[in-house]
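Down below is the structure, laid out as structure tokens.
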Amino acid sequence: MSKMTLKTEGDRHVVVTRRFAAAPEAVYRAHTEPALIQKWLLGPDGWTMPVCVNEARPGGRIRYEWVNGEGAGFYVTGEYIELVPFSRLVHVERMHMPDATPDNHVETNFVPDGTGTLMTMRMTLPDAATRTAMLSTGMEHGMEASYVRLETTLK
Amino acid sequence: MSNLDATFSALADPTRRAILARLALGEATVMELAEPFDMTQPAISRHLKVLEGAGLITRRVEGTKRPCRLAPAAVNEIDQWLGMLRKALSANYDRLDDVLAAMKAEK
């Protein structure tokens, strides 16, 4: 069905869009209620999120911890800046692997689209160097995940 | 595989990742690279040697200077990572579709 788009914009932004067949209220709740977040915000196959803190209010804390069941893990911490129920979330986050990456400023908007929702997530990094650093840090993580998959395939 | 190991250890250092970010904007000399990092030229040269060994940058000779540029391999690595991010996010949102469908069914 609805396809996701991901593009870089200028030298500091990454913009992701995605359509969902549910009202903005449901999509917003799935982004702010821990029991729901733990069901889908997991990344590559085999990863789970045993710890999920999401205090959906300005200044509220965010903490997501992921593990892959094979000893690998990392976590993200963040804080909410602005929340407009069912339409907009603004927060900052950083990845700990275990060193913290520079802050990633994330704006997520949920706009009604027919009977569904169009979500736009715009990430802003402090500078071009940070974006490349984020990309290369994530690259190692992504490569690790694909090695794990490769091992499984080869077994 | 040995080249992948070299790539990983080359990318494990934040200064080297920042050097790659600078080179993503275009060719630069050691002097130009040393300035924003507040590092000596020999220190930058050591990082460049690691990046060159990993095949992430190439250097050419221009008189006494040896300007560096991003190797196509480095660009591919970044593209590959963007592809993986796309895949991981797509998998997340496909799962979210299921979560949303279940929420609707509960009503």
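Simple scheme: letters A, B, ... for chains in structure tokens order, numbers from 1 for residues in each chain, numbers from 1 for ligands in the order shown.
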Can you write out as CSV which residues of chain B fall within 6 Å of chain A, alongside each residue's closest atom pair and its distance in Å to one decimal, counting only C-alpha atoms and ordering rows by chain and ascending residue number?
residue,atom,partner,partner_atom,distance
B:Arg17,CA,A:Ala133,CA,5.5
B:Ala18,CA,A:Ala129,CA,5.3
B:Ala21,CA,A:Ala129,CA,4.7
B:Trp81,CA,A:Met139,CA,4.9
B:Ala88,CA,A:Gly43,CA,4.7
B:Asn92,CA,A:Trp40,CA,5.3
B:Arg95,CA,A:Trp40,CA,5.1
B:Leu96,CA,A:Trp40,CA,5.4
Residues near Glu32 of chain B, anyone? I mean within 12 Å using only C-alpha atoms, not counting same-chain ones fewer than 2 positions away, as a PyMOL selection string.
chain B and resi 19+22-23+26-30+34-41+44-45+65-68
I need the residues from that last selection saved to file as a PDB file, in the first residue's frame (with N, CA and C atoms), if you can.
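The resulting result_23.pdb:
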ATOM      1  N   ILE B  19      36.123  14.072   9.088  1.00  0.00           N
ATOM      2  CA  ILE B  19      36.946  14.323   7.900  1.00  0.00           C
ATOM      3  C   ILE B  19      36.178  13.893   6.650  1.00  0.00           C
ATOM      4  N   ARG B  22      33.609  16.426   5.824  1.00  0.00           N
ATOM      5  CA  ARG B  22      34.193  17.597   5.161  1.00  0.00           C
ATOM      6  C   ARG B  22      34.492  17.271   3.692  1.00  0.00           C
ATOM      7  N   LEU B  23      35.020  16.084   3.446  1.00  0.00           N
ATOM      8  CA  LEU B  23      35.372  15.705   2.073  1.00  0.00           C
ATOM      9  C   LEU B  23      34.132  15.466   1.212  1.00  0.00           C
ATOM     10  N   GLY B  26      33.721  18.308  -0.908  1.00  0.00           N
ATOM     11  CA  GLY B  26      34.685  18.532  -1.979  1.00  0.00           C
ATOM     12  C   GLY B  26      36.117  18.258  -1.531  1.00  0.00           C
ATOM     13  N   GLU B  27      37.005  18.254  -2.515  1.00  0.00           N
ATOM     14  CA  GLU B  27      38.418  17.971  -2.269  1.00  0.00           C
ATOM     15  C   GLU B  27      39.034  18.964  -1.271  1.00  0.00           C
ATOM     16  N   ALA B  28      39.969  18.489  -0.453  1.00  0.00           N
ATOM     17  CA  ALA B  28      40.636  19.383   0.498  1.00  0.00           C
ATOM     18  C   ALA B  28      42.077  18.931   0.747  1.00  0.00           C
ATOM     19  N   THR B  29      42.924  19.906   1.101  1.00  0.00           N
ATOM     20  CA  THR B  29      44.311  19.580   1.424  1.00  0.00           C
ATOM     21  C   THR B  29      44.420  19.305   2.931  1.00  0.00           C
ATOM     22  N   VAL B  30      45.561  18.741   3.351  1.00  0.00           N
ATOM     23  CA  VAL B  30      45.777  18.449   4.767  1.00  0.00           C
ATOM     24  C   VAL B  30      45.631  19.731   5.593  1.00  0.00           C
ATOM     25  N   ALA B  34      43.091  20.295   8.632  1.00  0.00           N
ATOM     26  CA  ALA B  34      43.614  20.458   9.995  1.00  0.00           C
ATOM     27  C   ALA B  34      42.954  21.642  10.706  1.00  0.00           C
ATOM     28  N   GLU B  35      42.654  22.683   9.952  1.00  0.00           N
ATOM     29  CA  GLU B  35      42.150  23.923  10.551  1.00  0.00           C
ATOM     30  C   GLU B  35      40.882  23.768  11.415  1.00  0.00           C
ATOM     31  N   PRO B  36      39.754  23.245  10.849  1.00  0.00           N
ATOM     32  CA  PRO B  36      38.536  23.178  11.674  1.00  0.00           C
ATOM     33  C   PRO B  36      38.637  22.201  12.837  1.00  0.00           C
ATOM     34  N   PHE B  37      39.551  21.238  12.776  1.00  0.00           N
ATOM     35  CA  PHE B  37      39.621  20.223  13.823  1.00  0.00           C
ATOM     36  C   PHE B  37      40.575  20.595  14.944  1.00  0.00           C
ATOM     37  N   ASP B  38      41.278  21.735  14.789  1.00  0.00           N
ATOM     38  CA  ASP B  38      42.197  22.149  15.830  1.00  0.00           C
ATOM     39  C   ASP B  38      43.200  21.018  16.115  1.00  0.00           C
ATOM     40  N   MET B  39      43.710  20.421  15.054  1.00  0.00           N
ATOM     41  CA  MET B  39      44.684  19.338  15.198  1.00  0.00           C
ATOM     42  C   MET B  39      45.916  19.688  14.381  1.00  0.00           C
ATOM     43  N   THR B  40      47.039  19.058  14.737  1.00  0.00           N
ATOM     44  CA  THR B  40      48.257  19.303  13.981  1.00  0.00           C
ATOM     45  C   THR B  40      48.166  18.572  12.648  1.00  0.00           C
ATOM     46  N   GLN B  41      48.953  19.027  11.668  1.00  0.00           N
ATOM     47  CA  GLN B  41      48.938  18.365  10.371  1.00  0.00           C
ATOM     48  C   GLN B  41      49.400  16.904  10.448  1.00  0.00           C
ATOM     49  N   ILE B  44      46.432  14.850  11.592  1.00  0.00           N
ATOM     50  CA  ILE B  44      45.466  14.692  10.491  1.00  0.00           C
ATOM     51  C   ILE B  44      46.002  13.690   9.472  1.00  0.00           C
ATOM     52  N   SER B  45      47.303  13.788   9.179  1.00  0.00           N
ATOM     53  CA  SER B  45      47.909  12.879   8.196  1.00  0.00           C
ATOM     54  C   SER B  45      47.769  11.426   8.613  1.00  0.00           C
ATOM     55  N   LYS B  65      51.621  19.429  -2.683  1.00  0.00           N
ATOM     56  CA  LYS B  65      50.385  19.085  -1.957  1.00  0.00           C
ATOM     57  C   LYS B  65      49.850  17.730  -2.404  1.00  0.00           C
ATOM     58  N   ARG B  66      49.089  17.106  -1.498  1.00  0.00           N
ATOM     59  CA  ARG B  66      48.426  15.848  -1.862  1.00  0.00           C
ATOM     60  C   ARG B  66      46.952  15.939  -1.464  1.00  0.00           C
ATOM     61  N   PRO B  67      46.158  16.667  -2.259  1.00  0.00           N
ATOM     62  CA  PRO B  67      44.744  16.841  -1.905  1.00  0.00           C
ATOM     63  C   PRO B  67      43.995  15.501  -1.817  1.00  0.00           C
ATOM     64  N   CYS B  68      43.023  15.465  -0.880  1.00  0.00           N
ATOM     65  CA  CYS B  68      42.239  14.239  -0.647  1.00  0.00           C
ATOM     66  C   CYS B  68      40.834  14.420  -1.175  1.00  0.00           C
TER      67      CYS B  68
END
Quick one: residues within 6 Å of His13 of chain A, only C-alpha atoms, excluding same-chain residues fewer than 2 positions away - as a PyMOL selection string?
chain A and resi 8-9+123-124
May I have the residues from that selection written out with C-alpha atoms, as an mmCIF file, in the first residue's frame?
data_model
loop_
_atom_site.group_PDB
_atom_site.id
_atom_site.type_symbol
_atom_site.label_atom_id
_atom_site.label_comp_id
_atom_site.auth_asym_id
_atom_site.auth_seq_id
_atom_site.Cartn_x
_atom_site.Cartn_y
_atom_site.Cartn_z
ATOM 1 C CA THR A 8 18.086 14.126 2.496
ATOM 2 C CA GLU A 9 17.386 17.847 2.249
ATOM 3 C CA MET A 123 15.164 15.300 11.369
ATOM 4 C CA THR A 124 17.573 18.217 11.764
#
For segment 84-87 of chain A, please output as a list of chain:residue names all residues within 12 Å (counting only C-alpha atoms; exclusion window: fewer than 6 positions along the same chain).
A:Ala22, A:Ala23, A:Pro24, A:Glu25, A:Ala26, A:Val27, A:Tyr28, A:Arg29, A:Ala30, A:His31, A:Thr32, A:Ala56, A:Arg57, A:Pro58, A:Glu107, A:Thr108, A:Asn109, A:Phe110, A:Val111, A:Pro112, A:Thr117, A:Leu118, A:Met119, A:Thr120, A:Met121
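The residues of segment 4-99 of chain A that DSSP classifies as alpha helix (DSSP H), using the backbone of this structure, are A:Pro24, A:Glu25, A:Ala26, A:Val27, A:Tyr28, A:Arg29, A:Ala30, A:His31, A:Thr32, A:Pro34, A:Ala35, A:Leu36, A:Ile37, A:Gln38, A:Lys39, A:Trp40.
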How would the residues just chosen look if you wrote them out with N, CA and C atoms as a PDB file, in the first residue's frame?
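Below is the file that was written, again31.pdb:
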ATOM      1  N   PRO A  24      -5.363  10.343  12.492  1.00  0.00           N
ATOM      2  CA  PRO A  24      -4.206  10.911  13.193  1.00  0.00           C
ATOM      3  C   PRO A  24      -4.172  10.569  14.681  1.00  0.00           C
ATOM      4  N   GLU A  25      -5.339  10.500  15.318  1.00  0.00           N
ATOM      5  CA  GLU A  25      -5.357  10.197  16.753  1.00  0.00           C
ATOM      6  C   GLU A  25      -4.689   8.845  17.048  1.00  0.00           C
ATOM      7  N   ALA A  26      -5.006   7.843  16.242  1.00  0.00           N
ATOM      8  CA  ALA A  26      -4.436   6.504  16.460  1.00  0.00           C
ATOM      9  C   ALA A  26      -2.928   6.500  16.171  1.00  0.00           C
ATOM     10  N   VAL A  27      -2.506   7.181  15.099  1.00  0.00           N
ATOM     11  CA  VAL A  27      -1.080   7.194  14.737  1.00  0.00           C
ATOM     12  C   VAL A  27      -0.282   7.939  15.809  1.00  0.00           C
ATOM     13  N   TYR A  28      -0.858   9.023  16.308  1.00  0.00           N
ATOM     14  CA  TYR A  28      -0.223   9.814  17.367  1.00  0.00           C
ATOM     15  C   TYR A  28      -0.079   8.962  18.634  1.00  0.00           C
ATOM     16  N   ARG A  29      -1.152   8.247  18.998  1.00  0.00           N
ATOM     17  CA  ARG A  29      -1.094   7.395  20.194  1.00  0.00           C
ATOM     18  C   ARG A  29      -0.030   6.308  20.029  1.00  0.00           C
ATOM     19  N   ALA A  30       0.081   5.748  18.832  1.00  0.00           N
ATOM     20  CA  ALA A  30       1.071   4.691  18.590  1.00  0.00           C
ATOM     21  C   ALA A  30       2.500   5.224  18.688  1.00  0.00           C
ATOM     22  N   HIS A  31       2.659   6.559  18.633  1.00  0.00           N
ATOM     23  CA  HIS A  31       3.983   7.181  18.773  1.00  0.00           C
ATOM     24  C   HIS A  31       4.273   7.626  20.203  1.00  0.00           C
ATOM     25  N   THR A  32       3.245   7.635  21.081  1.00  0.00           N
ATOM     26  CA  THR A  32       3.441   8.194  22.424  1.00  0.00           C
ATOM     27  C   THR A  32       3.104   7.233  23.567  1.00  0.00           C
ATOM     28  N   PRO A  34       3.854   3.827  25.411  1.00  0.00           N
ATOM     29  CA  PRO A  34       4.890   2.787  25.440  1.00  0.00           C
ATOM     30  C   PRO A  34       4.422   1.400  25.009  1.00  0.00           C
ATOM     31  N   ALA A  35       3.248   0.965  25.498  1.00  0.00           N
ATOM     32  CA  ALA A  35       2.787  -0.396  25.162  1.00  0.00           C
ATOM     33  C   ALA A  35       2.607  -0.560  23.652  1.00  0.00           C
ATOM     34  N   LEU A  36       2.246   0.533  22.973  1.00  0.00           N
ATOM     35  CA  LEU A  36       2.076   0.479  21.514  1.00  0.00           C
ATOM     36  C   LEU A  36       3.427   0.619  20.804  1.00  0.00           C
ATOM     37  N   ILE A  37       4.271   1.545  21.281  1.00  0.00           N
ATOM     38  CA  ILE A  37       5.588   1.778  20.672  1.00  0.00           C
ATOM     39  C   ILE A  37       6.405   0.480  20.645  1.00  0.00           C
ATOM     40  N   GLN A  38       6.341  -0.271  21.756  1.00  0.00           N
ATOM     41  CA  GLN A  38       7.144  -1.507  21.863  1.00  0.00           C
ATOM     42  C   GLN A  38       6.753  -2.571  20.849  1.00  0.00           C
ATOM     43  N   LYS A  39       5.593  -2.382  20.215  1.00  0.00           N
ATOM     44  CA  LYS A  39       5.144  -3.377  19.226  1.00  0.00           C
ATOM     45  C   LYS A  39       5.720  -3.123  17.836  1.00  0.00           C
ATOM     46  N   TRP A  40       6.153  -1.884  17.562  1.00  0.00           N
ATOM     47  CA  TRP A  40       6.574  -1.628  16.181  1.00  0.00           C
ATOM     48  C   TRP A  40       7.914  -0.912  16.006  1.00  0.00           C
TER      49      TRP A  40
END
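The residues of chain B that DSSP classifies as strand (DSSP E or B), using the backbone of this structure, are B:Ala28, B:Ile57, B:Thr58, B:Arg59, B:Glu62, B:Lys65, B:Cys68, B:Arg69, B:Leu70.
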Can you spit out the residues from that selection as a compact mmCIF listing (two decimals), in the first residue's frame, using N, CA and C atoms?
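See result.txt below for the written result:
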# COMPACT_ATOMS: atom_id res chain seq x y z
N ALA B 28 39.97 18.49 -0.45
CA ALA B 28 40.64 19.38 0.50
C ALA B 28 42.08 18.93 0.75
N ILE B 57 39.15 7.15 1.02
CA ILE B 57 39.56 8.38 0.33
C ILE B 57 40.68 8.06 -0.67
N THR B 58 40.85 8.94 -1.62
CA THR B 58 41.97 8.82 -2.54
C THR B 58 42.73 10.14 -2.50
N ARG B 59 44.03 10.10 -2.82
CA ARG B 59 44.85 11.32 -2.79
C ARG B 59 45.59 11.41 -4.11
N GLU B 62 49.82 17.09 -6.31
CA GLU B 62 49.72 18.37 -7.02
C GLU B 62 50.85 19.24 -6.47
N LYS B 65 51.62 19.43 -2.68
CA LYS B 65 50.39 19.09 -1.96
C LYS B 65 49.85 17.73 -2.40
N CYS B 68 43.02 15.47 -0.88
CA CYS B 68 42.24 14.24 -0.65
C CYS B 68 40.83 14.42 -1.17
N ARG B 69 40.26 13.33 -1.61
CA ARG B 69 38.84 13.35 -1.95
C ARG B 69 38.19 12.04 -1.53
N LEU B 70 36.86 12.09 -1.41
CA LEU B 70 36.11 10.90 -1.04
C LEU B 70 36.20 9.87 -2.15
